>>> print(open('input_18.pdb').read())   # PDB, C-alpha atoms
ATOM      1  CA  LYS A   1     -14.287  13.331  -4.652
ATOM      2  CA  ALA A   2     -14.382  11.659  -1.249
ATOM      3  CA  GLY A   3     -11.526   9.342  -0.404
ATOM      4  CA  VAL A   4     -11.549   5.787   0.863
ATOM      5  CA  THR A   5     -13.328   5.552   4.188
ATOM      6  CA  GLN A   6     -12.890   2.860   6.796
ATOM      7  CA  THR A   7     -14.948   2.158   9.865
ATOM      8  CA  PRO A   8     -14.382   1.915  12.699
ATOM      9  CA  ARG A   9     -11.082   3.738  13.059
ATOM     10  CA  TYR A  10     -10.187   2.069  16.333
ATOM     11  CA  LEU A  11     -11.292  -1.203  17.817
ATOM     12  CA  ILE A  12     -10.398  -3.176  20.919
ATOM     13  CA  LYS A  13     -11.350  -6.843  21.052
ATOM     14  CA  THR A  14     -10.639  -9.786  23.280
ATOM     15  CA  ARG A  15      -8.827 -12.906  22.168
ATOM     16  CA  GLY A  16     -11.256 -15.440  20.729
ATOM     17  CA  GLN A  17     -13.809 -12.866  19.574
ATOM     18  CA  GLN A  18     -14.505 -12.007  15.959
ATOM     19  CA  VAL A  19     -14.455  -8.632  14.250
ATOM     20  CA  THR A  20     -15.795  -7.073  11.072
ATOM     21  CA  LEU A  21     -14.152  -4.089   9.418
ATOM     22  CA  SER A  22     -15.759  -2.002   6.707
ATOM     23  CA  CYS A  23     -14.367  -0.147   3.729
ATOM     24  CA  SER A  24     -16.087   2.208   1.300
ATOM     25  CA  PRO A  25     -14.028   2.811  -1.860
ATOM     26  CA  ILE A  26     -13.760   5.978  -3.863
ATOM     27  CA  SER A  27     -16.876   6.459  -5.961
ATOM     28  CA  GLY A  28     -16.508   4.565  -9.243
ATOM     29  CA  HIS A  29     -13.713   2.318  -8.014
ATOM     30  CA  ARG A  30     -14.505  -1.369  -8.363
ATOM     31  CA  SER A  31     -11.403  -2.994  -6.914
ATOM     32  CA  VAL A  32     -10.896  -3.150  -3.169
ATOM     33  CA  SER A  33      -7.813  -4.619  -1.530
ATOM     34  CA  TRP A  34      -7.006  -5.199   2.116
ATOM     35  CA  TYR A  35      -3.587  -5.047   3.755
ATOM     36  CA  GLN A  36      -2.350  -5.723   7.260
ATOM     37  CA  GLN A  37       0.382  -3.505   8.679
ATOM     38  CA  THR A  38       2.373  -4.565  11.744
ATOM     39  CA  PRO A  39       5.756  -3.391  13.070
ATOM     40  CA  GLY A  40       7.204  -6.863  12.685
ATOM     41  CA  GLN A  41       5.823  -8.023   9.343
ATOM     42  CA  GLY A  42       5.317  -4.697   7.629
ATOM     43  CA  LEU A  43       2.612  -4.340   5.003
ATOM     44  CA  GLN A  44       1.127  -7.625   3.862
ATOM     45  CA  PHE A  45      -1.558  -8.241   1.266
ATOM     46  CA  LEU A  46      -4.679  -9.959   2.566
ATOM     47  CA  PHE A  47      -7.049 -10.150  -0.407
ATOM     48  CA  GLU A  48      -8.540  -8.259  -3.314
ATOM     49  CA  TYR A  49     -12.112  -8.079  -4.518
ATOM     50  CA  PHE A  50     -13.295  -6.942  -7.910
ATOM     51  CA  SER A  51     -16.928  -6.900  -8.940
ATOM     52  CA  GLU A  52     -17.882  -8.937  -5.863
ATOM     53  CA  THR A  53     -15.362 -11.693  -6.659
ATOM     54  CA  GLN A  54     -12.198 -12.451  -4.765
ATOM     55  CA  ARG A  55      -9.399 -12.134  -7.296
ATOM     56  CA  ASN A  56      -6.305 -12.597  -5.177
ATOM     57  CA  LYS A  57      -5.591 -13.881  -1.704
ATOM     58  CA  GLY A  58      -2.505 -13.467   0.408
ATOM     59  CA  ASN A  59      -0.908 -15.963   2.718
ATOM     60  CA  PHE A  60      -3.190 -15.628   5.706
ATOM     61  CA  PRO A  61      -5.147 -18.318   7.577
ATOM     62  CA  GLY A  62      -8.783 -19.012   6.842
ATOM     63  CA  ARG A  63      -9.789 -16.982   9.908
ATOM     64  CA  PHE A  64      -9.395 -13.966   7.658
ATOM     65  CA  SER A  65     -12.186 -13.555   5.141
ATOM     66  CA  GLY A  66     -13.814 -10.827   3.168
ATOM     67  CA  ARG A  67     -16.554  -9.949   0.784
ATOM     68  CA  GLN A  68     -17.607  -7.193  -1.553
ATOM     69  CA  PHE A  69     -21.081  -5.889  -2.154
ATOM     70  CA  SER A  70     -22.709  -4.750  -5.381
ATOM     71  CA  ASN A  71     -21.963  -1.100  -4.523
ATOM     72  CA  SER A  72     -18.245  -2.054  -4.223
ATOM     73  CA  ARG A  73     -18.182  -1.582  -0.455
ATOM     74  CA  SER A  74     -16.175  -4.300   1.225
ATOM     75  CA  GLU A  75     -15.941  -5.937   4.597
ATOM     76  CA  MET A  76     -13.302  -8.121   6.106
ATOM     77  CA  ASN A  77     -13.865 -10.474   8.993
ATOM     78  CA  VAL A  78     -11.432 -12.020  11.395
ATOM     79  CA  SER A  79     -12.717 -14.860  13.509
ATOM     80  CA  THR A  80     -11.217 -16.316  16.676
ATOM     81  CA  LEU A  81      -8.951 -13.342  17.215
ATOM     82  CA  GLU A  82      -5.384 -13.894  18.355
ATOM     83  CA  LEU A  83      -3.018 -11.425  19.993
ATOM     84  CA  GLY A  84      -0.948 -11.414  16.812
ATOM     85  CA  ASP A  85      -3.891 -10.031  14.853
ATOM     86  CA  SER A  86      -3.326  -6.647  16.469
ATOM     87  CA  ALA A  87      -2.482  -4.406  13.547
ATOM     88  CA  LEU A  88      -3.480  -1.521  11.342
ATOM     89  CA  TYR A  89      -5.788  -2.850   8.648
ATOM     90  CA  LEU A  90      -5.692  -0.788   5.486
ATOM     91  CA  CYS A  91      -8.175  -0.814   2.668
ATOM     92  CA  ALA A  92      -7.282   0.415  -0.802
ATOM     93  CA  SER A  93      -9.418   1.040  -3.842
ATOM     94  CA  SER A  94      -8.552   1.219  -7.502
ATOM     95  CA  PHE A  95     -10.369   1.877 -10.739
ATOM     96  CA  LEU A  96      -9.869  -0.625 -13.543
ATOM     97  CA  ALA A  97     -11.202   0.213 -16.965
ATOM     98  CA  GLY A  98     -10.614  -2.320 -19.694
ATOM     99  CA  ASP A  99      -7.664  -1.473 -21.911
ATOM    100  CA  PHE A 100      -6.800   1.642 -19.928
ATOM    101  CA  PRO A 101      -6.178   0.415 -16.411
ATOM    102  CA  ASN A 102      -5.342   2.887 -13.738
ATOM    103  CA  TYR A 103      -2.978   1.011 -11.521
ATOM    104  CA  GLU A 104      -2.496   3.110  -8.416
ATOM    105  CA  GLN A 105      -4.406   2.210  -5.317
ATOM    106  CA  TYR A 106      -5.745   4.827  -2.957
ATOM    107  CA  PHE A 107      -5.618   3.918   0.688
ATOM    108  CA  GLY A 108      -7.968   4.691   3.519
ATOM    109  CA  PRO A 109      -6.806   5.835   6.960
ATOM    110  CA  GLY A 110      -7.002   2.306   8.343
ATOM    111  CA  THR A 111      -8.629   0.570  11.273
ATOM    112  CA  ARG A 112      -6.400   0.088  14.292
ATOM    113  CA  LEU A 113      -7.318  -3.256  15.845
ATOM    114  CA  THR A 114      -6.023  -4.124  19.286
ATOM    115  CA  VAL A 115      -6.551  -7.640  20.600
ATOM    116  CA  THR A 116      -6.174  -8.118  24.342
TER     117      THR A 116
ATOM    118  CA  ALA B   1       7.029 -14.310  -7.066
ATOM    119  CA  GLN B   2       7.462 -10.595  -6.531
ATOM    120  CA  SER B   3       9.566  -8.924  -3.868
ATOM    121  CA  VAL B   4      10.868  -5.503  -2.867
ATOM    122  CA  ALA B   5      13.841  -4.473  -0.771
ATOM    123  CA  GLN B   6      14.430  -1.132   0.876
ATOM    124  CA  PRO B   7      17.962  -1.471   2.227
ATOM    125  CA  GLU B   8      17.862   1.537   4.553
ATOM    126  CA  ASP B   9      15.636   1.614   7.612
ATOM    127  CA  GLN B  10      16.282   5.327   8.004
ATOM    128  CA  VAL B  11      17.675   8.134   5.885
ATOM    129  CA  ASN B  12      18.784  11.389   7.464
ATOM    130  CA  VAL B  13      19.167  14.541   5.382
ATOM    131  CA  ALA B  14      19.450  18.245   6.071
ATOM    132  CA  GLU B  15      16.715  20.565   4.837
ATOM    133  CA  GLY B  16      17.548  21.907   1.394
ATOM    134  CA  ASN B  17      19.790  19.000   0.501
ATOM    135  CA  PRO B  18      18.874  16.378  -2.091
ATOM    136  CA  LEU B  19      17.466  13.109  -0.852
ATOM    137  CA  THR B  20      17.422   9.560  -2.167
ATOM    138  CA  VAL B  21      15.451   6.619  -0.806
ATOM    139  CA  LYS B  22      16.524   3.323  -2.323
ATOM    140  CA  CYS B  23      14.385   0.487  -3.631
ATOM    141  CA  THR B  24      15.191  -2.696  -5.523
ATOM    142  CA  TYR B  25      12.680  -5.231  -6.794
ATOM    143  CA  SER B  26      12.308  -8.709  -8.195
ATOM    144  CA  VAL B  27       9.532  -9.909 -10.516
ATOM    145  CA  SER B  28       9.078 -12.590 -13.162
ATOM    146  CA  GLY B  29       7.390 -10.374 -15.721
ATOM    147  CA  ASN B  30       7.516  -6.626 -16.153
ATOM    148  CA  PRO B  31       7.403  -4.500 -13.010
ATOM    149  CA  TYR B  32       4.790  -1.973 -12.117
ATOM    150  CA  LEU B  33       6.398   0.157  -9.426
ATOM    151  CA  PHE B  34       4.977   2.574  -6.882
ATOM    152  CA  TRP B  35       6.038   4.850  -4.082
ATOM    153  CA  TYR B  36       3.781   5.665  -1.157
ATOM    154  CA  VAL B  37       4.290   7.859   1.892
ATOM    155  CA  GLN B  38       2.781   7.368   5.329
ATOM    156  CA  TYR B  39       2.467  10.045   7.978
ATOM    157  CA  PRO B  40       1.805   9.109  11.638
ATOM    158  CA  ASN B  41      -1.645   7.640  12.240
ATOM    159  CA  ARG B  42      -2.525   7.949   8.578
ATOM    160  CA  GLY B  43      -2.990   5.629   5.648
ATOM    161  CA  LEU B  44      -0.665   5.524   2.669
ATOM    162  CA  GLN B  45      -0.579   8.379   0.198
ATOM    163  CA  PHE B  46       0.324   7.702  -3.424
ATOM    164  CA  LEU B  47       3.403   9.599  -4.665
ATOM    165  CA  LEU B  48       4.213   8.229  -8.103
ATOM    166  CA  LYS B  49       4.258   5.168 -10.310
ATOM    167  CA  TYR B  50       6.170   3.588 -13.160
ATOM    168  CA  ILE B  51       4.182   1.467 -15.576
ATOM    169  CA  THR B  52       6.013   1.936 -18.866
ATOM    170  CA  GLY B  53       7.706   4.664 -20.859
ATOM    171  CA  ASP B  54      10.213   7.221 -19.574
ATOM    172  CA  ASN B  55      12.528   5.922 -16.908
ATOM    173  CA  LEU B  56      12.294   9.171 -14.941
ATOM    174  CA  VAL B  57       8.901   9.534 -13.336
ATOM    175  CA  LYS B  58       7.706  12.724 -11.680
ATOM    176  CA  GLY B  59       5.167  12.655  -8.896
ATOM    177  CA  SER B  60       3.568  14.642  -6.120
ATOM    178  CA  TYR B  61       5.272  17.180  -3.838
ATOM    179  CA  GLY B  62       8.368  17.478  -6.055
ATOM    180  CA  PHE B  63       9.345  13.812  -5.796
ATOM    181  CA  GLU B  64      10.646  11.816  -8.713
ATOM    182  CA  ALA B  65      11.920   8.297  -9.219
ATOM    183  CA  GLU B  66      14.221   6.668 -11.704
ATOM    184  CA  PHE B  67      13.496   3.218 -13.072
ATOM    185  CA  ASN B  68      16.630   1.231 -13.856
ATOM    186  CA  LYS B  69      15.846  -2.126 -15.434
ATOM    187  CA  SER B  70      19.401  -3.447 -15.470
ATOM    188  CA  GLN B  71      19.852  -2.732 -11.776
ATOM    189  CA  THR B  72      16.222  -3.621 -10.941
ATOM    190  CA  SER B  73      15.964  -0.416  -8.960
ATOM    191  CA  PHE B  74      13.429   2.350  -8.515
ATOM    192  CA  HIS B  75      14.998   4.953  -6.239
ATOM    193  CA  LEU B  76      12.958   7.880  -4.960
ATOM    194  CA  LYS B  77      14.573  11.306  -5.203
ATOM    195  CA  LYS B  78      13.927  14.946  -4.425
ATOM    196  CA  PRO B  79      16.280  17.813  -5.287
ATOM    197  CA  SER B  80      15.666  19.802  -2.103
ATOM    198  CA  ALA B  81      14.274  18.201   1.052
ATOM    199  CA  LEU B  82      11.768  19.885   3.344
ATOM    200  CA  VAL B  83      11.240  19.218   7.043
ATOM    201  CA  SER B  84       7.648  18.343   6.150
ATOM    202  CA  ASP B  85       8.942  15.458   3.992
ATOM    203  CA  SER B  86       9.809  13.570   7.182
ATOM    204  CA  ALA B  87       7.683  10.426   7.062
ATOM    205  CA  LEU B  88       7.742   6.707   6.312
ATOM    206  CA  TYR B  89       8.217   5.818   2.648
ATOM    207  CA  PHE B  90       7.222   2.554   1.030
ATOM    208  CA  CYS B  91       8.197   1.147  -2.332
ATOM    209  CA  ALA B  92       5.811  -1.406  -3.859
ATOM    210  CA  VAL B  93       5.788  -3.649  -6.904
ATOM    211  CA  ARG B  94       3.232  -5.568  -8.905
ATOM    212  CA  ASP B  95       4.246  -8.184 -11.439
ATOM    213  CA  SER B  96       2.655  -7.660 -14.869
ATOM    214  CA  ARG B  97       2.021 -11.409 -14.993
ATOM    215  CA  ASN B  98      -0.270 -11.225 -11.987
ATOM    216  CA  ALA B  99      -3.865 -10.331 -12.544
ATOM    217  CA  GLY B 100      -5.343  -7.872 -10.154
ATOM    218  CA  ASN B 101      -3.860  -5.286  -7.870
ATOM    219  CA  MET B 102      -1.830  -7.302  -5.385
ATOM    220  CA  LEU B 103       1.073  -5.138  -4.270
ATOM    221  CA  THR B 104       4.181  -6.339  -2.486
ATOM    222  CA  PHE B 105       5.707  -3.664  -0.277
ATOM    223  CA  GLY B 106       9.206  -3.097   0.950
ATOM    224  CA  GLY B 107       9.834  -2.771   4.652
ATOM    225  CA  GLY B 108       9.727   1.004   4.547
ATOM    226  CA  THR B 109      12.334   3.718   5.006
ATOM    227  CA  ARG B 110      11.945   6.433   7.587
ATOM    228  CA  LEU B 111      13.056   9.779   6.197
ATOM    229  CA  MET B 112      14.205  12.349   8.739
ATOM    230  CA  VAL B 113      14.795  15.858   7.421
ATOM    231  CA  LYS B 114      16.534  18.109   9.923
ATOM    232  CA  PRO B 115      16.264  21.901   9.858
TER     233      PRO B 115
END
>>> encode(input="input_18.pdb", output="structure tokens")
Amino acid sequence: KAGVTQTPRYLIKTRGQQVTLSCSPISGHRSVSWYQQTPGQGLQFLFEYFSETQRNKGNFPGRFSGRQFSNSRSEMNVSTLELGDSALYLCASSFLAGDFPNYEQYFGPGTRLTVT
Amino acid sequence: AQSVAQPEDQVNVAEGNPLTVKCTYSVSGNPYLFWYVQYPNRGLQFLLKYITGDNLVKGSYGFEAEFNKSQTSFHLKKPSALVSDSALYFCAVRDSRNAGNMLTFGGGTRLMVKP
């Protein structure tokens, strides 16, 4: 079974621009979560989508947004980029099945975003 | 609120020796606990989890972890370290009272295994 894929793997943007990152979960997984990883703040939860609905949101400004499509693929968007948005953005997918949830999340390789 | 602490930024161990990477947590409800490993320029790889049941959990690559409710700890262990175990290790927790999959991660511990 193919793992979580993220595109692009590397991205360089200029301050003030916007960016869209894509994540394709493992086949059959319906939950997609996004995390930001930086040397200073570590791994921080951005948001989670399940069946096209945002279920949880972390403590990030409104410039960070996301969505999930009917095939469970997800995108996250960052508008008006700031230097501090430079980070590794990780997507994780998980399969939830009623009374028998499978709790571990499987992570993709990440998108390295550099804002100059 | 849920939180995780990994008190050691780095752990050094000789190959063949046992290793321990420490993790303590705080949650309001019951904890769901996880260990992940990250190699350079890679995403996180799942090692093991504790949801309920036996306090000693066995995972991938010979790793295991012991859940201790009274000490709110979930330390990662391996009886005999390999040089290839050198990586960044993250402990994570989810509170059973929270719907969804939001994980809170510790700051990470860099494991260095020397030949």
>>> resolve_selection(input="input_18.pdb", expression="the ChimeraX specification (/B :<9) & /A", output="VMD selection string")
chain A and resid 31 to 33 41 to 50 55 to 58 90 to 91 94 103 to 110
>>> residues_around(input="input_18.pdb", residues="Ser72 of chain A", least_positions_apart="2", cutoff="12 Å", atoms="only C-alpha atoms", output="list of chain:residue names")
A:Val4, A:Ser22, A:Cys23, A:Ser24, A:Pro25, A:Ile26, A:Ser27, A:Gly28, A:His29, A:Arg30, A:Ser31, A:Val32, A:Ser33, A:Glu48, A:Tyr49, A:Phe50, A:Ser51, A:Glu52, A:Thr53, A:Arg67, A:Gln68, A:Phe69, A:Ser70, A:Ser74, A:Glu75, A:Ala92, A:Ser93, A:Ser94, A:Phe95
>>> residues_around(input="input_18.pdb", residues="Lys114 of chain B", least_positions_apart="3", cutoff="12 Å", atoms="all atoms listed in the file", output="PyMOL selection string")
chain B and resi 11-17+19+81-86+111
>>> atom_distance(input="input_18.pdb", atom1="atom CA of Thr20 of chain A", atom2="atom CA of Gly3 of chain A")
20.5 Å
>>> atom_distance(input="input_18.pdb", atom1="atom CA of Gln71 of chain B", atom2="atom CA of Ser96 of chain B")
18.2 Å
>>> resolve_selection(input="input_18.pdb", expression="the PyMOL selection byres ((chain A and resi 11) around 7)", output="PDB file with C-alpha atoms, in the coordinates of the input")
ATOM      1  CA  PRO A   8     -14.382   1.915  12.699  1.00  0.00           C
ATOM      2  CA  ARG A   9     -11.082   3.738  13.059  1.00  0.00           C
ATOM      3  CA  TYR A  10     -10.187   2.069  16.333  1.00  0.00           C
ATOM      4  CA  ILE A  12     -10.398  -3.176  20.919  1.00  0.00           C
ATOM      5  CA  LYS A  13     -11.350  -6.843  21.052  1.00  0.00           C
ATOM      6  CA  ARG A 112      -6.400   0.088  14.292  1.00  0.00           C
ATOM      7  CA  LEU A 113      -7.318  -3.256  15.845  1.00  0.00           C
ATOM      8  CA  THR A 114      -6.023  -4.124  19.286  1.00  0.00           C
TER       9      THR A 114
END
>>> residues_around(input="input_18.pdb", residues="Val19 of chain A", least_positions_apart="5", cutoff="7 Å", atoms="all atoms listed in the file", output="ChimeraX atom specification")
/A:77-79
>>> closest_residue(input="input_18.pdb", among="A:Gln18, A:Thr111, A:Asn71, A:Thr7", to="Leu88 of chain A", atoms="all atoms listed in the file")
A:Thr111
>>> residues_around(input="input_18.pdb", residues="Ser26 of chain B", least_positions_apart="5", cutoff="9 Å", atoms="only C-alpha atoms", output="PDB file with C-alpha atoms, in the frame of the given file")
ATOM      1  CA  ALA B   1       7.029 -14.310  -7.066  1.00  0.00           C
ATOM      2  CA  GLN B   2       7.462 -10.595  -6.531  1.00  0.00           C
ATOM      3  CA  SER B   3       9.566  -8.924  -3.868  1.00  0.00           C
ATOM      4  CA  VAL B   4      10.868  -5.503  -2.867  1.00  0.00           C
ATOM      5  CA  ALA B   5      13.841  -4.473  -0.771  1.00  0.00           C
ATOM      6  CA  PRO B  31       7.403  -4.500 -13.010  1.00  0.00           C
ATOM      7  CA  THR B  72      16.222  -3.621 -10.941  1.00  0.00           C
ATOM      8  CA  VAL B  93       5.788  -3.649  -6.904  1.00  0.00           C
ATOM      9  CA  ASP B  95       4.246  -8.184 -11.439  1.00  0.00           C
TER      10      ASP B  95
END
